[in-house]
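Enquirer: First the structure, which I've put down as C-alpha coordinates, then a few questions once you've had a look.
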Amino acid sequence: MIRNFLDRQYGVVEDELVGKKLYFIFQGSAPTQEVLEMGEYTMRRYAGLYGLDYLGMVNQ
(Lines give C-alpha, C1' and ligand atoms only; values in the text may rest on other atoms or scores of the structure.)
Protein backbone atom coordinates (compact mmCIF):
# COMPACT_ATOMS: atom_id res chain seq x y z
CA MET A 1 0.00 0.00 0.00
CA ILE A 2 2.82 2.43 0.82
CA ARG A 3 4.49 1.66 -2.50
CA ASN A 4 1.30 2.59 -4.33
CA PHE A 5 1.12 5.87 -2.38
CA LEU A 6 4.74 6.75 -3.13
CA ASP A 7 4.32 5.95 -6.82
CA ARG A 8 1.31 8.25 -7.07
CA GLN A 9 3.23 11.09 -5.41
CA TYR A 10 6.01 10.98 -8.01
CA GLY A 11 6.75 14.31 -9.59
CA VAL A 12 5.92 17.86 -8.65
CA VAL A 13 3.80 18.26 -5.53
CA GLU A 14 2.56 21.63 -4.41
CA ASP A 15 4.03 23.20 -1.28
CA GLU A 16 1.21 21.79 0.85
CA LEU A 17 3.57 19.15 2.29
CA VAL A 18 6.51 21.44 3.10
CA GLY A 19 7.21 21.56 6.82
CA LYS A 20 4.68 18.83 7.71
CA LYS A 21 5.82 16.13 10.14
CA LEU A 22 6.25 12.59 8.88
CA TYR A 23 6.42 9.46 11.01
CA PHE A 24 6.67 6.10 9.29
CA ILE A 25 5.02 3.11 10.98
CA PHE A 26 6.49 -0.10 9.59
CA GLN A 27 4.29 -3.09 10.30
CA GLY A 28 5.13 -6.52 9.04
CA SER A 29 5.81 -10.05 10.01
CA ALA A 30 9.34 -10.01 11.44
CA PRO A 31 11.03 -7.77 8.86
CA THR A 32 14.75 -8.28 8.49
CA GLN A 33 17.22 -5.54 9.35
CA GLU A 34 17.87 -5.06 5.64
CA VAL A 35 14.16 -4.45 4.96
CA LEU A 36 13.98 -1.97 7.84
CA GLU A 37 17.03 -0.11 6.50
CA MET A 38 15.50 0.06 3.01
CA GLY A 39 12.28 1.45 4.47
CA GLU A 40 14.19 4.05 6.47
CA TYR A 41 16.20 5.08 3.40
CA THR A 42 13.10 5.36 1.22
CA MET A 43 11.17 7.46 3.72
CA ARG A 44 14.13 9.79 4.36
CA ARG A 45 14.47 10.39 0.62
CA TYR A 46 10.75 10.91 0.20
CA ALA A 47 10.68 13.43 3.05
CA GLY A 48 13.66 15.26 1.59
CA LEU A 49 12.13 15.49 -1.88
CA TYR A 50 8.91 17.04 -0.61
CA GLY A 51 10.22 19.17 2.25
CA LEU A 52 8.74 17.06 5.04
CA ASP A 53 10.20 16.96 8.54
CA TYR A 54 11.00 13.24 8.88
CA LEU A 55 10.86 12.24 12.54
CA GLY A 56 11.64 8.54 12.24
CA MET A 57 10.27 5.06 11.84
CA VAL A 58 8.47 2.87 14.33
CA ASN A 59 8.76 -0.88 13.89
CA GLN A 60 5.77 -2.94 15.06
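Letters A, B, ... mark the chains of the C-alpha coordinates in the order given; residue numbers begin at 1 per chain; ligand numbers begin at 1, in order shown.
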Could you write out, as a VMD selection string, all the residues of chain A that DSSP marks as strand (DSSP E or B)?
Expert: chain A and resid 21 to 26 53 to 59
Enquirer: Excluding segment 20-34 of chain A and any residue of its chain fewer than 4 positions from it, enumerate the residues within 12 Å of it, using only C-alpha atoms, and give them as number ranges by chain.
Expert: A: 1-2, 15-16, 38-48, 50-60
Enquirer: Dump N, CA, C and O atoms for the selected residues as an mmCIF file, in the first residue's frame?
Expert:
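Generated file (part-v5.cif):
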```
data_model
loop_
_atom_site.group_PDB
_atom_site.id
_atom_site.type_symbol
_atom_site.label_atom_id
_atom_site.label_comp_id
_atom_site.auth_asym_id
_atom_site.auth_seq_id
_atom_site.Cartn_x
_atom_site.Cartn_y
_atom_site.Cartn_z
ATOM 1 N N MET A 1 0.807 -1.169 0.000
ATOM 2 C CA MET A 1 0.000 0.000 0.000
ATOM 3 C C MET A 1 0.877 1.270 0.000
ATOM 4 O O MET A 1 0.568 2.221 -0.694
ATOM 5 N N ILE A 2 1.958 1.245 0.771
ATOM 6 C CA ILE A 2 2.824 2.427 0.816
ATOM 7 C C ILE A 2 3.503 2.641 -0.532
ATOM 8 O O ILE A 2 3.678 3.768 -0.972
ATOM 9 N N ASP A 15 3.379 22.941 -2.563
ATOM 10 C CA ASP A 15 4.029 23.196 -1.282
ATOM 11 C C ASP A 15 3.206 22.796 -0.066
ATOM 12 O O ASP A 15 3.601 23.066 1.060
ATOM 13 N N GLU A 16 2.078 22.158 -0.279
ATOM 14 C CA GLU A 16 1.209 21.787 0.846
ATOM 15 C C GLU A 16 1.868 20.812 1.820
ATOM 16 O O GLU A 16 1.451 20.712 2.970
ATOM 17 N N MET A 38 16.027 -0.402 4.292
ATOM 18 C CA MET A 38 15.504 0.065 3.007
ATOM 19 C C MET A 38 14.296 0.974 3.222
ATOM 20 O O MET A 38 14.139 1.990 2.538
ATOM 21 N N GLY A 39 13.431 0.615 4.162
ATOM 22 C CA GLY A 39 12.278 1.451 4.472
ATOM 23 C C GLY A 39 12.699 2.808 5.010
ATOM 24 O O GLY A 39 12.149 3.839 4.616
ATOM 25 N N GLU A 40 13.670 2.804 5.890
ATOM 26 C CA GLU A 40 14.190 4.052 6.466
ATOM 27 C C GLU A 40 14.796 4.935 5.369
ATOM 28 O O GLU A 40 14.532 6.142 5.305
ATOM 29 N N TYR A 41 15.581 4.348 4.502
ATOM 30 C CA TYR A 41 16.204 5.077 3.396
ATOM 31 C C TYR A 41 15.138 5.693 2.482
ATOM 32 O O TYR A 41 15.212 6.875 2.120
ATOM 33 N N THR A 42 14.151 4.897 2.121
ATOM 34 C CA THR A 42 13.096 5.358 1.225
ATOM 35 C C THR A 42 12.322 6.526 1.825
ATOM 36 O O THR A 42 12.063 7.529 1.152
ATOM 37 N N MET A 43 11.960 6.411 3.097
ATOM 38 C CA MET A 43 11.168 7.460 3.717
ATOM 39 C C MET A 43 11.984 8.738 3.935
ATOM 40 O O MET A 43 11.465 9.842 3.807
ATOM 41 N N ARG A 44 13.269 8.603 4.232
ATOM 42 C CA ARG A 44 14.128 9.791 4.357
ATOM 43 C C ARG A 44 14.224 10.529 3.020
ATOM 44 O O ARG A 44 14.156 11.748 2.959
ATOM 45 N N ARG A 45 14.391 9.785 1.950
ATOM 46 C CA ARG A 45 14.469 10.393 0.618
ATOM 47 C C ARG A 45 13.155 11.049 0.235
ATOM 48 O O ARG A 45 13.135 12.141 -0.311
ATOM 49 N N TYR A 46 12.062 10.364 0.506
ATOM 50 C CA TYR A 46 10.745 10.910 0.200
ATOM 51 C C TYR A 46 10.529 12.228 0.944
ATOM 52 O O TYR A 46 10.103 13.224 0.359
ATOM 53 N N ALA A 47 10.835 12.226 2.233
ATOM 54 C CA ALA A 47 10.677 13.429 3.046
ATOM 55 C C ALA A 47 11.547 14.565 2.504
ATOM 56 O O ALA A 47 11.108 15.712 2.418
ATOM 57 N N GLY A 48 12.763 14.242 2.127
ATOM 58 C CA GLY A 48 13.660 15.257 1.589
ATOM 59 C C GLY A 48 13.176 15.843 0.275
ATOM 60 O O GLY A 48 13.287 17.047 0.047
ATOM 61 N N TYR A 50 10.131 16.248 -0.736
ATOM 62 C CA TYR A 50 8.908 17.042 -0.608
ATOM 63 C C TYR A 50 8.928 18.003 0.573
ATOM 64 O O TYR A 50 7.912 18.583 0.921
ATOM 65 N N GLY A 51 10.084 18.189 1.197
ATOM 66 C CA GLY A 51 10.216 19.172 2.255
ATOM 67 C C GLY A 51 9.532 18.809 3.562
ATOM 68 O O GLY A 51 9.193 19.688 4.350
ATOM 69 N N LEU A 52 9.351 17.526 3.797
ATOM 70 C CA LEU A 52 8.744 17.058 5.042
ATOM 71 C C LEU A 52 9.779 16.975 6.148
ATOM 72 O O LEU A 52 10.962 16.752 5.894
ATOM 73 N N ASP A 53 9.341 17.115 7.362
ATOM 74 C CA ASP A 53 10.195 16.964 8.540
ATOM 75 C C ASP A 53 10.095 15.518 8.987
ATOM 76 O O ASP A 53 9.149 15.136 9.687
ATOM 77 N N TYR A 54 11.046 14.675 8.576
ATOM 78 C CA TYR A 54 11.003 13.238 8.881
ATOM 79 C C TYR A 54 11.468 13.004 10.321
ATOM 80 O O TYR A 54 12.582 13.337 10.690
ATOM 81 N N LEU A 55 10.594 12.431 11.125
ATOM 82 C CA LEU A 55 10.860 12.237 12.536
ATOM 83 C C LEU A 55 11.142 10.787 12.927
ATOM 84 O O LEU A 55 11.288 10.486 14.090
ATOM 85 N N GLY A 56 11.225 9.900 11.955
ATOM 86 C CA GLY A 56 11.641 8.536 12.237
ATOM 87 C C GLY A 56 10.612 7.462 11.940
ATOM 88 O O GLY A 56 9.489 7.740 11.546
ATOM 89 N N MET A 57 11.069 6.241 12.149
ATOM 90 C CA MET A 57 10.269 5.063 11.837
ATOM 91 C C MET A 57 10.022 4.277 13.113
ATOM 92 O O MET A 57 10.918 4.143 13.957
ATOM 93 N N VAL A 58 8.826 3.755 13.237
ATOM 94 C CA VAL A 58 8.467 2.868 14.329
ATOM 95 C C VAL A 58 8.290 1.478 13.738
ATOM 96 O O VAL A 58 7.643 1.321 12.709
ATOM 97 N N ASN A 59 8.862 0.490 14.361
ATOM 98 C CA ASN A 59 8.765 -0.884 13.888
ATOM 99 C C ASN A 59 7.828 -1.660 14.807
ATOM 100 O O ASN A 59 8.091 -1.790 15.991
ATOM 101 N N GLN A 60 6.742 -2.156 14.282
ATOM 102 C CA GLN A 60 5.775 -2.936 15.058
ATOM 103 C C GLN A 60 6.100 -4.407 15.009
ATOM 104 O O GLN A 60 6.322 -4.966 14.032
#
```
Enquirer: So which bits of chain A end up helix (DSSP H, G or I) when you DSSP the backbone, as a list in words?
Expert: Ile2, Arg3, Asn4, Phe5, Leu6, Asp7, Arg8, Asp15, Glu16, Leu17, Gln33, Glu34, Val35, Leu36, Glu37, Met38, Gly39, Glu40, Tyr41, Thr42, Met43, Arg44, Arg45, Tyr46, Ala47, Gly48, Leu49 and Tyr50 of chain A
Enquirer: Let me see the file: selected residues, N, CA and C atoms, as a JSON list (two decimals), in the first residue's frame.
Expert:
```json
[["chain", "number", "residue", "atom", "x", "y", "z"],
["A", 2, "ILE", "N", 1.96, 1.25, 0.77],
["A", 2, "ILE", "CA", 2.82, 2.43, 0.82],
["A", 2, "ILE", "C", 3.50, 2.64, -0.53],
["A", 3, "ARG", "N", 3.85, 1.55, -1.18],
["A", 3, "ARG", "CA", 4.49, 1.66, -2.50],
["A", 3, "ARG", "C", 3.55, 2.34, -3.49],
["A", 4, "ASN", "N", 2.29, 1.98, -3.46],
["A", 4, "ASN", "CA", 1.30, 2.59, -4.33],
["A", 4, "ASN", "C", 1.19, 4.09, -4.04],
["A", 5, "PHE", "N", 1.17, 4.47, -2.77],
["A", 5, "PHE", "CA", 1.12, 5.87, -2.38],
["A", 5, "PHE", "C", 2.33, 6.63, -2.91],
["A", 6, "LEU", "N", 3.52, 6.08, -2.69],
["A", 6, "LEU", "CA", 4.74, 6.75, -3.13],
["A", 6, "LEU", "C", 4.78, 6.90, -4.65],
["A", 7, "ASP", "N", 4.34, 5.87, -5.36],
["A", 7, "ASP", "CA", 4.32, 5.95, -6.82],
["A", 7, "ASP", "C", 3.38, 7.04, -7.32],
["A", 8, "ARG", "N", 2.28, 7.22, -6.65],
["A", 8, "ARG", "CA", 1.31, 8.25, -7.07],
["A", 8, "ARG", "C", 1.78, 9.66, -6.72],
["A", 15, "ASP", "N", 3.38, 22.94, -2.56],
["A", 15, "ASP", "CA", 4.03, 23.20, -1.28],
["A", 15, "ASP", "C", 3.21, 22.80, -0.07],
["A", 16, "GLU", "N", 2.08, 22.16, -0.28],
["A", 16, "GLU", "CA", 1.21, 21.79, 0.85],
["A", 16, "GLU", "C", 1.87, 20.81, 1.82],
["A", 17, "LEU", "N", 2.90, 20.10, 1.41],
["A", 17, "LEU", "CA", 3.57, 19.15, 2.29],
["A", 17, "LEU", "C", 4.77, 19.74, 3.01],
["A", 33, "GLN", "N", 16.53, -6.82, 9.17],
["A", 33, "GLN", "CA", 17.22, -5.54, 9.35],
["A", 33, "GLN", "C", 17.41, -4.84, 8.01],
["A", 34, "GLU", "N", 17.69, -5.63, 6.98],
["A", 34, "GLU", "CA", 17.87, -5.06, 5.64],
["A", 34, "GLU", "C", 16.58, -4.39, 5.14],
["A", 35, "VAL", "N", 15.44, -5.02, 5.36],
["A", 35, "VAL", "CA", 14.16, -4.45, 4.96],
["A", 35, "VAL", "C", 13.89, -3.17, 5.73],
["A", 36, "LEU", "N", 14.18, -3.17, 7.02],
["A", 36, "LEU", "CA", 13.98, -1.97, 7.84],
["A", 36, "LEU", "C", 14.87, -0.82, 7.35],
["A", 37, "GLU", "N", 16.10, -1.13, 7.00],
["A", 37, "GLU", "CA", 17.03, -0.11, 6.50],
["A", 37, "GLU", "C", 16.55, 0.45, 5.17],
["A", 38, "MET", "N", 16.03, -0.40, 4.29],
["A", 38, "MET", "CA", 15.50, 0.06, 3.01],
["A", 38, "MET", "C", 14.30, 0.97, 3.22],
["A", 39, "GLY", "N", 13.43, 0.61, 4.16],
["A", 39, "GLY", "CA", 12.28, 1.45, 4.47],
["A", 39, "GLY", "C", 12.70, 2.81, 5.01],
["A", 40, "GLU", "N", 13.67, 2.80, 5.89],
["A", 40, "GLU", "CA", 14.19, 4.05, 6.47],
["A", 40, "GLU", "C", 14.80, 4.93, 5.37],
["A", 41, "TYR", "N", 15.58, 4.35, 4.50],
["A", 41, "TYR", "CA", 16.20, 5.08, 3.40],
["A", 41, "TYR", "C", 15.14, 5.69, 2.48],
["A", 42, "THR", "N", 14.15, 4.90, 2.12],
["A", 42, "THR", "CA", 13.10, 5.36, 1.22],
["A", 42, "THR", "C", 12.32, 6.53, 1.82],
["A", 43, "MET", "N", 11.96, 6.41, 3.10],
["A", 43, "MET", "CA", 11.17, 7.46, 3.72],
["A", 43, "MET", "C", 11.98, 8.74, 3.94],
["A", 44, "ARG", "N", 13.27, 8.60, 4.23],
["A", 44, "ARG", "CA", 14.13, 9.79, 4.36],
["A", 44, "ARG", "C", 14.22, 10.53, 3.02],
["A", 45, "ARG", "N", 14.39, 9.78, 1.95],
["A", 45, "ARG", "CA", 14.47, 10.39, 0.62],
["A", 45, "ARG", "C", 13.16, 11.05, 0.24],
["A", 46, "TYR", "N", 12.06, 10.36, 0.51],
["A", 46, "TYR", "CA", 10.75, 10.91, 0.20],
["A", 46, "TYR", "C", 10.53, 12.23, 0.94],
["A", 47, "ALA", "N", 10.83, 12.23, 2.23],
["A", 47, "ALA", "CA", 10.68, 13.43, 3.05],
["A", 47, "ALA", "C", 11.55, 14.56, 2.50],
["A", 48, "GLY", "N", 12.76, 14.24, 2.13],
["A", 48, "GLY", "CA", 13.66, 15.26, 1.59],
["A", 48, "GLY", "C", 13.18, 15.84, 0.28],
["A", 49, "LEU", "N", 12.61, 15.02, -0.58],
["A", 49, "LEU", "CA", 12.13, 15.49, -1.88],
["A", 49, "LEU", "C", 10.97, 16.46, -1.75],
["A", 50, "TYR", "N", 10.13, 16.25, -0.74],
["A", 50, "TYR", "CA", 8.91, 17.04, -0.61],
["A", 50, "TYR", "C", 8.93, 18.00, 0.57]]
```
